[in-house]
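Source file: work00.pdb (PDB, N, CA and C atoms)
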ATOM      1  N   PRO A   1      16.466 -16.581  14.608
ATOM      2  CA  PRO A   1      15.077 -16.224  14.330
ATOM      3  C   PRO A   1      14.098 -17.246  14.906
ATOM      4  N   ILE A   2      12.951 -16.773  15.314
ATOM      5  CA  ILE A   2      11.892 -17.636  15.805
ATOM      6  C   ILE A   2      11.115 -18.135  14.593
ATOM      7  N   CYS A   3      11.005 -19.442  14.391
ATOM      8  CA  CYS A   3      10.224 -20.090  13.341
ATOM      9  C   CYS A   3      10.863 -20.003  11.956
ATOM     10  N   THR A   4      10.488 -20.967  11.112
ATOM     11  CA  THR A   4      10.997 -21.084   9.744
ATOM     12  C   THR A   4       9.823 -21.325   8.799
ATOM     13  N   GLU A   5      10.105 -21.376   7.503
ATOM     14  CA  GLU A   5       9.033 -21.643   6.544
ATOM     15  C   GLU A   5       8.414 -23.013   6.774
ATOM     16  N   SER A   6       9.214 -24.000   7.133
ATOM     17  CA  SER A   6       8.673 -25.338   7.376
ATOM     18  C   SER A   6       7.923 -25.427   8.703
ATOM     19  N   GLU A   7       8.223 -24.529   9.628
ATOM     20  CA  GLU A   7       7.517 -24.454  10.917
ATOM     21  C   GLU A   7       7.243 -22.985  11.230
ATOM     22  N   PRO A   8       6.244 -22.372  10.534
ATOM     23  CA  PRO A   8       6.005 -20.937  10.668
ATOM     24  C   PRO A   8       5.346 -20.549  11.994
ATOM     25  N   PHE A   9       5.493 -19.280  12.341
ATOM     26  CA  PHE A   9       4.766 -18.701  13.471
ATOM     27  C   PHE A   9       3.373 -18.383  12.957
ATOM     28  N   TYR A  10       2.336 -18.958  13.548
ATOM     29  CA  TYR A  10       0.983 -18.794  13.025
ATOM     30  C   TYR A  10      -0.054 -18.485  14.109
ATOM     31  N   VAL A  11       0.367 -18.038  15.245
ATOM     32  CA  VAL A  11      -0.549 -17.735  16.338
ATOM     33  C   VAL A  11      -0.546 -16.233  16.618
ATOM     34  N   SER A  12      -1.261 -15.819  17.648
ATOM     35  CA  SER A  12      -1.309 -14.413  18.037
ATOM     36  C   SER A  12      -0.328 -14.140  19.163
ATOM     37  N   LEU A  13       0.348 -13.002  19.062
ATOM     38  CA  LEU A  13       1.256 -12.568  20.116
ATOM     39  C   LEU A  13       0.974 -11.110  20.415
ATOM     40  N   ASP A  14       0.566 -10.823  21.641
ATOM     41  CA  ASP A  14       0.428  -9.449  22.104
ATOM     42  C   ASP A  14       1.634  -9.180  22.989
ATOM     43  N   GLY A  15       2.554  -8.345  22.510
ATOM     44  CA  GLY A  15       3.775  -8.051  23.237
ATOM     45  C   GLY A  15       3.574  -7.177  24.460
ATOM     46  N   ASN A  16       2.337  -6.684  24.682
ATOM     47  CA  ASN A  16       2.011  -5.879  25.858
ATOM     48  C   ASN A  16       2.996  -4.710  26.000
ATOM     49  N   VAL A  17       3.395  -4.126  24.859
ATOM     50  CA  VAL A  17       4.319  -3.006  24.765
ATOM     51  C   VAL A  17       5.683  -3.363  25.371
ATOM     52  N   PHE A  18       6.031  -4.620  25.359
ATOM     53  CA  PHE A  18       7.324  -5.097  25.853
ATOM     54  C   PHE A  18       8.418  -4.662  24.876
ATOM     55  N   ILE A  19       9.600  -4.343  25.404
ATOM     56  CA  ILE A  19      10.728  -3.923  24.573
ATOM     57  C   ILE A  19      11.783  -5.025  24.553
ATOM     58  N   ILE A  20      12.161  -5.440  23.359
ATOM     59  CA  ILE A  20      13.267  -6.389  23.179
ATOM     60  C   ILE A  20      14.418  -5.579  22.599
ATOM     61  N   SER A  21      15.552  -5.571  23.282
ATOM     62  CA  SER A  21      16.651  -4.710  22.887
ATOM     63  C   SER A  21      17.957  -5.482  22.737
ATOM     64  N   GLY A  22      18.771  -5.059  21.764
ATOM     65  CA  GLY A  22      20.115  -5.581  21.622
ATOM     66  C   GLY A  22      20.244  -6.926  20.931
ATOM     67  N   ILE A  23      19.275  -7.300  20.113
ATOM     68  CA  ILE A  23      19.359  -8.584  19.403
ATOM     69  C   ILE A  23      20.406  -8.493  18.297
ATOM     70  N   TRP A  24      21.220  -9.520  18.186
ATOM     71  CA  TRP A  24      22.213  -9.619  17.124
ATOM     72  C   TRP A  24      22.027 -10.973  16.458
ATOM     73  N   ILE A  25      21.673 -10.969  15.168
ATOM     74  CA  ILE A  25      21.493 -12.193  14.396
ATOM     75  C   ILE A  25      22.384 -12.096  13.166
ATOM     76  N   ASP A  26      23.282 -13.042  12.995
ATOM     77  CA  ASP A  26      24.156 -13.061  11.828
ATOM     78  C   ASP A  26      23.961 -14.389  11.107
ATOM     79  N   ARG A  27      23.096 -14.371  10.097
ATOM     80  CA  ARG A  27      22.795 -15.537   9.269
ATOM     81  C   ARG A  27      22.972 -15.147   7.807
ATOM     82  N   SER A  28      24.160 -14.695   7.451
ATOM     83  CA  SER A  28      24.398 -14.089   6.145
ATOM     84  C   SER A  28      24.180 -15.029   4.964
ATOM     85  N   THR A  29      24.128 -16.336   5.188
ATOM     86  CA  THR A  29      23.904 -17.278   4.093
ATOM     87  C   THR A  29      22.489 -17.851   4.111
ATOM     88  N   GLU A  30      21.637 -17.334   4.999
ATOM     89  CA  GLU A  30      20.285 -17.880   5.149
ATOM     90  C   GLU A  30      19.225 -16.872   4.743
ATOM     91  N   ASP A  31      18.059 -17.386   4.335
ATOM     92  CA  ASP A  31      16.903 -16.573   3.981
ATOM     93  C   ASP A  31      15.913 -16.561   5.143
ATOM     94  N   ASP A  32      14.947 -15.622   5.077
ATOM     95  CA  ASP A  32      13.881 -15.505   6.075
ATOM     96  C   ASP A  32      14.467 -15.252   7.460
ATOM     97  N   VAL A  33      15.098 -14.096   7.600
ATOM     98  CA  VAL A  33      15.777 -13.753   8.842
ATOM     99  C   VAL A  33      15.153 -12.489   9.437
ATOM    100  N   GLY A  34      14.807 -12.556  10.696
ATOM    101  CA  GLY A  34      14.260 -11.449  11.477
ATOM    102  C   GLY A  34      13.987 -11.987  12.861
ATOM    103  N   LEU A  35      13.374 -11.196  13.732
ATOM    104  CA  LEU A  35      12.990 -11.736  15.044
ATOM    105  C   LEU A  35      12.155 -12.998  14.821
ATOM    106  N   PHE A  36      11.190 -12.896  13.899
ATOM    107  CA  PHE A  36      10.427 -14.052  13.437
ATOM    108  C   PHE A  36      10.898 -14.343  12.021
ATOM    109  N   GLY A  37      11.401 -15.525  11.773
ATOM    110  CA  GLY A  37      11.892 -15.869  10.451
ATOM    111  C   GLY A  37      10.778 -15.955   9.427
ATOM    112  N   TYR A  38       9.663 -16.606   9.789
ATOM    113  CA  TYR A  38       8.565 -16.808   8.847
ATOM    114  C   TYR A  38       7.253 -16.811   9.620
ATOM    115  N   THR A  39       6.298 -15.998   9.162
ATOM    116  CA  THR A  39       4.967 -15.978   9.775
ATOM    117  C   THR A  39       3.922 -16.333   8.727
ATOM    118  N   ASN A  40       2.862 -16.996   9.167
ATOM    119  CA  ASN A  40       1.780 -17.410   8.278
ATOM    120  C   ASN A  40       0.461 -17.262   9.025
ATOM    121  N   ASN A  41      -0.364 -16.317   8.580
ATOM    122  CA  ASN A  41      -1.653 -16.049   9.226
ATOM    123  C   ASN A  41      -1.492 -15.762  10.717
ATOM    124  N   ALA A  42      -0.435 -15.068  11.070
ATOM    125  CA  ALA A  42      -0.161 -14.733  12.469
ATOM    126  C   ALA A  42      -0.697 -13.331  12.784
ATOM    127  N   GLU A  43      -0.720 -13.013  14.056
ATOM    128  CA  GLU A  43      -1.054 -11.669  14.507
ATOM    129  C   GLU A  43      -0.028 -11.282  15.569
ATOM    130  N   ILE A  44       0.715 -10.201  15.285
ATOM    131  CA  ILE A  44       1.722  -9.711  16.220
ATOM    132  C   ILE A  44       1.399  -8.255  16.500
ATOM    133  N   THR A  45       1.210  -7.929  17.779
ATOM    134  CA  THR A  45       0.828  -6.574  18.157
ATOM    135  C   THR A  45       1.621  -6.104  19.378
ATOM    136  N   ASN A  46       1.701  -4.773  19.511
ATOM    137  CA  ASN A  46       2.214  -4.118  20.720
ATOM    138  C   ASN A  46       3.591  -4.604  21.155
ATOM    139  N   LEU A  47       4.551  -4.533  20.264
ATOM    140  CA  LEU A  47       5.899  -5.006  20.554
ATOM    141  C   LEU A  47       6.902  -3.996  20.020
ATOM    142  N   LYS A  48       7.993  -3.789  20.768
ATOM    143  CA  LYS A  48       9.054  -2.882  20.331
ATOM    144  C   LYS A  48      10.369  -3.645  20.286
ATOM    145  N   LEU A  49      11.051  -3.544  19.146
ATOM    146  CA  LEU A  49      12.362  -4.153  18.961
ATOM    147  C   LEU A  49      13.344  -3.012  18.711
ATOM    148  N   SER A  50      14.355  -2.885  19.595
ATOM    149  CA  SER A  50      15.273  -1.752  19.463
ATOM    150  C   SER A  50      16.725  -2.197  19.505
ATOM    151  N   GLN A  51      17.571  -1.362  18.932
ATOM    152  CA  GLN A  51      19.016  -1.546  18.920
ATOM    153  C   GLN A  51      19.432  -2.933  18.419
ATOM    154  N   PHE A  52      18.793  -3.358  17.333
ATOM    155  CA  PHE A  52      19.133  -4.673  16.781
ATOM    156  C   PHE A  52      20.105  -4.552  15.622
ATOM    157  N   ASP A  53      20.791  -5.638  15.357
ATOM    158  CA  ASP A  53      21.693  -5.754  14.217
ATOM    159  C   ASP A  53      21.424  -7.122  13.607
ATOM    160  N   ILE A  54      20.741  -7.134  12.455
ATOM    161  CA  ILE A  54      20.307  -8.382  11.837
ATOM    162  C   ILE A  54      20.893  -8.487  10.432
ATOM    163  N   ILE A  55      21.558  -9.605  10.156
ATOM    164  CA  ILE A  55      22.167  -9.851   8.851
ATOM    165  C   ILE A  55      21.618 -11.161   8.303
ATOM    166  N   GLY A  56      21.132 -11.129   7.075
ATOM    167  CA  GLY A  56      20.650 -12.323   6.399
ATOM    168  C   GLY A  56      20.956 -12.210   4.920
ATOM    169  N   ARG A  57      20.437 -13.148   4.138
ATOM    170  CA  ARG A  57      20.663 -13.105   2.697
ATOM    171  C   ARG A  57      19.435 -12.513   2.006
ATOM    172  N   ASN A  58      18.362 -13.256   1.894
ATOM    173  CA  ASN A  58      17.134 -12.791   1.257
ATOM    174  C   ASN A  58      16.000 -12.802   2.273
ATOM    175  N   ASN A  59      15.069 -11.863   2.121
ATOM    176  CA  ASN A  59      13.901 -11.762   2.991
ATOM    177  C   ASN A  59      14.332 -11.496   4.438
ATOM    178  N   VAL A  60      14.867 -10.318   4.635
ATOM    179  CA  VAL A  60      15.394  -9.917   5.934
ATOM    180  C   VAL A  60      14.577  -8.734   6.447
ATOM    181  N   GLY A  61      14.003  -8.880   7.642
ATOM    182  CA  GLY A  61      13.224  -7.803   8.239
ATOM    183  C   GLY A  61      13.486  -7.694   9.727
ATOM    184  N   GLY A  62      13.203  -6.530  10.284
ATOM    185  CA  GLY A  62      13.396  -6.343  11.719
ATOM    186  C   GLY A  62      12.485  -7.242  12.538
ATOM    187  N   ILE A  63      11.203  -7.217  12.248
ATOM    188  CA  ILE A  63      10.252  -8.047  12.990
ATOM    189  C   ILE A  63      10.071  -9.393  12.305
ATOM    190  N   VAL A  64       9.860  -9.397  10.980
ATOM    191  CA  VAL A  64       9.579 -10.636  10.245
ATOM    192  C   VAL A  64      10.428 -10.704   8.971
ATOM    193  N   GLY A  65      11.062 -11.836   8.741
ATOM    194  CA  GLY A  65      11.803 -12.046   7.501
ATOM    195  C   GLY A  65      10.856 -12.235   6.327
ATOM    196  N   SER A  66       9.996 -13.258   6.384
ATOM    197  CA  SER A  66       8.989 -13.527   5.347
ATOM    198  C   SER A  66       7.626 -13.692   5.996
ATOM    199  N   ASP A  67       6.623 -13.109   5.353
ATOM    200  CA  ASP A  67       5.263 -13.147   5.896
ATOM    201  C   ASP A  67       4.276 -13.599   4.828
ATOM    202  N   ASN A  68       3.291 -14.363   5.267
ATOM    203  CA  ASN A  68       2.162 -14.725   4.430
ATOM    204  C   ASN A  68       0.886 -14.422   5.195
ATOM    205  N   ASN A  69       0.207 -13.329   4.816
ATOM    206  CA  ASN A  69      -1.125 -13.020   5.308
ATOM    207  C   ASN A  69      -1.222 -12.812   6.817
ATOM    208  N   SER A  70      -0.290 -12.086   7.403
ATOM    209  CA  SER A  70      -0.337 -11.820   8.845
ATOM    210  C   SER A  70      -0.768 -10.389   9.133
ATOM    211  N   ASN A  71      -1.227 -10.143  10.359
ATOM    212  CA  ASN A  71      -1.590  -8.814  10.838
ATOM    213  C   ASN A  71      -0.493  -8.331  11.782
ATOM    214  N   LEU A  72       0.136  -7.213  11.432
ATOM    215  CA  LEU A  72       1.188  -6.634  12.245
ATOM    216  C   LEU A  72       0.771  -5.218  12.614
ATOM    217  N   THR A  73       0.475  -4.987  13.896
ATOM    218  CA  THR A  73      -0.019  -3.683  14.325
ATOM    219  C   THR A  73       0.669  -3.216  15.597
ATOM    220  N   ASN A  74       0.794  -1.904  15.697
ATOM    221  CA  ASN A  74       1.393  -1.248  16.861
ATOM    222  C   ASN A  74       2.780  -1.789  17.185
ATOM    223  N   LEU A  75       3.613  -1.894  16.164
ATOM    224  CA  LEU A  75       4.979  -2.380  16.344
ATOM    225  C   LEU A  75       5.959  -1.237  16.137
ATOM    226  N   LYS A  76       7.087  -1.303  16.846
ATOM    227  CA  LYS A  76       8.153  -0.324  16.669
ATOM    228  C   LYS A  76       9.450  -1.086  16.468
ATOM    229  N   ALA A  77      10.251  -0.620  15.508
ATOM    230  CA  ALA A  77      11.525  -1.277  15.225
ATOM    231  C   ALA A  77      12.585  -0.226  14.957
ATOM    232  N   SER A  78      13.745  -0.383  15.602
ATOM    233  CA  SER A  78      14.874   0.509  15.341
ATOM    234  C   SER A  78      16.168  -0.289  15.446
ATOM    235  N   GLY A  79      17.021  -0.132  14.435
ATOM    236  CA  GLY A  79      18.274  -0.869  14.406
ATOM    237  C   GLY A  79      18.854  -0.873  13.012
ATOM    238  N   THR A  80      19.638  -1.916  12.715
ATOM    239  CA  THR A  80      20.306  -2.038  11.425
ATOM    240  C   THR A  80      20.025  -3.398  10.812
ATOM    241  N   LEU A  81      19.701  -3.402   9.514
ATOM    242  CA  LEU A  81      19.448  -4.623   8.753
ATOM    243  C   LEU A  81      20.381  -4.687   7.559
ATOM    244  N   GLN A  82      20.831  -5.881   7.231
ATOM    245  CA  GLN A  82      21.646  -6.048   6.036
ATOM    246  C   GLN A  82      21.261  -7.338   5.340
ATOM    247  N   GLY A  83      21.130  -7.276   4.015
ATOM    248  CA  GLY A  83      20.798  -8.446   3.229
ATOM    249  C   GLY A  83      21.000  -8.181   1.752
ATOM    250  N   VAL A  84      20.640  -9.151   0.929
ATOM    251  CA  VAL A  84      20.840  -9.050  -0.512
ATOM    252  C   VAL A  84      19.557  -8.628  -1.218
ATOM    253  N   ASN A  85      18.477  -9.378  -1.036
ATOM    254  CA  ASN A  85      17.194  -9.093  -1.679
ATOM    255  C   ASN A  85      16.083  -9.057  -0.642
ATOM    256  N   ASN A  86      15.103  -8.199  -0.874
ATOM    257  CA  ASN A  86      13.931  -8.092  -0.009
ATOM    258  C   ASN A  86      14.332  -7.821   1.436
ATOM    259  N   VAL A  87      14.880  -6.652   1.651
ATOM    260  CA  VAL A  87      15.312  -6.215   2.983
ATOM    261  C   VAL A  87      14.429  -5.041   3.381
ATOM    262  N   GLY A  88      13.710  -5.167   4.516
ATOM    263  CA  GLY A  88      12.804  -4.106   4.938
ATOM    264  C   GLY A  88      12.778  -3.936   6.437
ATOM    265  N   GLY A  89      12.544  -2.721   6.893
ATOM    266  CA  GLY A  89      12.578  -2.405   8.314
ATOM    267  C   GLY A  89      11.625  -3.215   9.161
ATOM    268  N   LEU A  90      10.400  -3.415   8.695
ATOM    269  CA  LEU A  90       9.410  -4.201   9.423
ATOM    270  C   LEU A  90       9.394  -5.643   8.934
ATOM    271  N   VAL A  91       9.231  -5.827   7.615
ATOM    272  CA  VAL A  91       9.132  -7.144   6.992
ATOM    273  C   VAL A  91      10.006  -7.157   5.740
ATOM    274  N   GLY A  92      10.743  -8.243   5.540
ATOM    275  CA  GLY A  92      11.554  -8.376   4.332
ATOM    276  C   GLY A  92      10.702  -8.646   3.107
ATOM    277  N   LEU A  93       9.832  -9.648   3.171
ATOM    278  CA  LEU A  93       8.969 -10.035   2.058
ATOM    279  C   LEU A  93       7.605 -10.425   2.593
ATOM    280  N   SER A  94       6.560  -9.873   1.992
ATOM    281  CA  SER A  94       5.195 -10.226   2.391
ATOM    282  C   SER A  94       4.375 -10.520   1.146
ATOM    283  N   THR A  95       3.759 -11.705   1.101
ATOM    284  CA  THR A  95       2.892 -12.037  -0.029
ATOM    285  C   THR A  95       1.524 -11.390   0.133
ATOM    286  N   SER A  96       1.109 -11.165   1.337
ATOM    287  CA  SER A  96      -0.088 -10.399   1.661
ATOM    288  C   SER A  96      -0.039 -10.161   3.159
ATOM    289  N   GLY A  97      -0.823  -9.242   3.627
ATOM    290  CA  GLY A  97      -0.817  -8.973   5.060
ATOM    291  C   GLY A  97      -1.469  -7.640   5.354
ATOM    292  N   TYR A  98      -1.633  -7.372   6.624
ATOM    293  CA  TYR A  98      -2.254  -6.140   7.102
ATOM    294  C   TYR A  98      -1.297  -5.506   8.092
ATOM    295  N   PHE A  99      -0.832  -4.294   7.762
ATOM    296  CA  PHE A  99       0.111  -3.582   8.616
ATOM    297  C   PHE A  99      -0.497  -2.240   8.988
ATOM    298  N   LYS A 100      -0.562  -1.958  10.294
ATOM    299  CA  LYS A 100      -1.186  -0.710  10.733
ATOM    300  C   LYS A 100      -0.473  -0.164  11.960
ATOM    301  N   ASN A 101      -0.294   1.155  11.973
ATOM    302  CA  ASN A 101       0.209   1.877  13.132
ATOM    303  C   ASN A 101       1.575   1.374  13.597
ATOM    304  N   ASN A 102       2.490   1.203  12.649
ATOM    305  CA  ASN A 102       3.845   0.742  12.960
ATOM    306  C   ASN A 102       4.827   1.890  12.765
ATOM    307  N   PHE A 103       5.869   1.921  13.584
ATOM    308  CA  PHE A 103       6.901   2.947  13.495
ATOM    309  C   PHE A 103       8.237   2.266  13.264
ATOM    310  N   ILE A 104       8.902   2.647  12.175
ATOM    311  CA  ILE A 104      10.158   2.012  11.795
ATOM    312  C   ILE A 104      11.244   3.078  11.652
ATOM    313  N   ASN A 105      12.366   2.882  12.335
ATOM    314  CA  ASN A 105      13.524   3.754  12.206
ATOM    315  C   ASN A 105      14.739   2.839  12.076
ATOM    316  N   VAL A 106      14.957   2.348  10.846
ATOM    317  CA  VAL A 106      15.933   1.293  10.621
ATOM    318  C   VAL A 106      16.879   1.689   9.492
ATOM    319  N   GLU A 107      18.166   1.435   9.695
ATOM    320  CA  GLU A 107      19.135   1.571   8.619
ATOM    321  C   GLU A 107      19.109   0.262   7.839
ATOM    322  N   VAL A 108      18.814   0.348   6.547
ATOM    323  CA  VAL A 108      18.698  -0.836   5.711
ATOM    324  C   VAL A 108      19.820  -0.829   4.686
ATOM    325  N   ILE A 109      20.584  -1.920   4.655
ATOM    326  CA  ILE A 109      21.670  -2.071   3.708
ATOM    327  C   ILE A 109      21.333  -3.270   2.831
ATOM    328  N   GLY A 110      21.002  -3.021   1.583
ATOM    329  CA  GLY A 110      20.650  -4.096   0.661
ATOM    330  C   GLY A 110      21.786  -4.349  -0.301
ATOM    331  N   GLU A 111      22.682  -5.223   0.066
ATOM    332  CA  GLU A 111      23.831  -5.540  -0.761
ATOM    333  C   GLU A 111      24.353  -6.927  -0.397
ATOM    334  N   THR A 112      25.277  -7.413  -1.154
ATOM    335  CA  THR A 112      25.871  -8.716  -0.863
ATOM    336  C   THR A 112      26.577  -8.655   0.485
ATOM    337  N   VAL A 113      26.312  -9.655   1.311
ATOM    338  CA  VAL A 113      26.931  -9.719   2.642
ATOM    339  C   VAL A 113      27.960 -10.811   2.707
TER     340      VAL A 113
END

Please lay out the structure from this file as structure tokens.
Amino acid sequence: PICTESEPFYVSLDGNVFIISGIWIDRSTEDDVGLFGYTNNAEITNLKLSQFDIIGRNNVGGIVGSDNNSNLTNLKASGTLQGVNNVGGLVGLSTSGYFKNNFINVEVIGETV
């Protein structure tokens, strides 16, 4: 995953409709797992993540594992996620944030890994 809670992603990223495909992340004993592990006041737009397989423990998401007050717009995610608690197609856990115009087609497995 890109960034952690101690070093969060906090800037703007315009993916320019770029497609990231085939990501495999296996962090079954770790929290905050996704393409971005932890975001804080970030802005992520126009990005597609496809055919991913992401495994974490808590706060597992396709685009973001854990989020605090970020804007996520025009994102697409398709793949498989597995975790124990707070597992979501776009974001695993968000304390606040703004999500608009996102398309999610994700198999979510919320169980002990």

Just how far from atom C of Glu43 in chain A is CA of Asp14 in chain A, in Å to one decimal?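 Atom C of Glu43 in chain A lies at a distance of 6.8 Å from CA of Asp14 in chain A.
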
Tell me which residues the PyMOL selection byres ((chain A and resi 61-63) around 6) grabs here, as a list in words.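 This file, filtered by the PyMOL selection byres ((chain A and resi 61-63) around 6), leaves Val33, Gly34, Leu35, Phe36, Asn59, Val60, Val64, Gly65, Val87, Gly88, Gly89, Leu90, Val91 and Gly92 of chain A.
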
Just want the 6 Å neighbourhood of range 71-82 of chain A, counted on only C-alpha atoms, with same-chain residues fewer than 4 positions away dropped. Output as a ChimeraX atom specification. /A:43-55,97-110

Residues within 6 Å of range 3-11 of chain A, please, as a compact mmCIF listing (two decimals) with N, CA and C atoms, in the coordinates of the input. Count only C-alpha atoms; anything in the same chain fewer than 4 positions from it doesn't count.
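In the end it all went to out29.txt:
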# COMPACT_ATOMS: atom_id res chain seq x y z
N GLY A 37 11.40 -15.52 11.77
CA GLY A 37 11.89 -15.87 10.45
C GLY A 37 10.78 -15.96 9.43
N TYR A 38 9.66 -16.61 9.79
CA TYR A 38 8.56 -16.81 8.85
C TYR A 38 7.25 -16.81 9.62
N THR A 39 6.30 -16.00 9.16
CA THR A 39 4.97 -15.98 9.78
C THR A 39 3.92 -16.33 8.73
N ASN A 40 2.86 -17.00 9.17
CA ASN A 40 1.78 -17.41 8.28
C ASN A 40 0.46 -17.26 9.02
N ASN A 41 -0.36 -16.32 8.58
CA ASN A 41 -1.65 -16.05 9.23
C ASN A 41 -1.49 -15.76 10.72
N ALA A 42 -0.44 -15.07 11.07
CA ALA A 42 -0.16 -14.73 12.47
C ALA A 42 -0.70 -13.33 12.78

Just the number, please: distance in Å from atom N of Asn58 in chain A to atom C of Asp26 in chain A, one decimal. 10.8 Å

In Å, rounded to a single decimal, give me how far CA of Asn86 in chain A is from CA of Ile19 in chain A.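 CA of Asn86 in chain A lies 25.1 Å from CA of Ile19 in chain A.
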
Given 4 Å on each side, where is the centre and what are the edge lengths in Å to one decimal of the axis-aligned box enclosing the listed atoms of range 19-38 of chain A, as lines of an AutoDock Vina configuration file?
center_x = 15.8
center_y = -10.9
center_z = 14.7
size_x = 25.1
size_y = 22.0
size_z = 29.4

In range 2-38 of chain A, what's strand (DSSP E or B) per DSSP? Answer as a list of chain:residue names?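 Those in range 2-38 of chain A that DSSP calls strand (DSSP E or B) are A:Ile2, A:Phe9, A:Ser12, A:Leu13, A:Asp14, A:Gly15, A:Asn16, A:Val17, A:Phe18, A:Ile19, A:Ile20, A:Ser21, A:Trp24, A:Ile25, A:Asp26, A:Val33, A:Phe36, A:Gly37, A:Tyr38.
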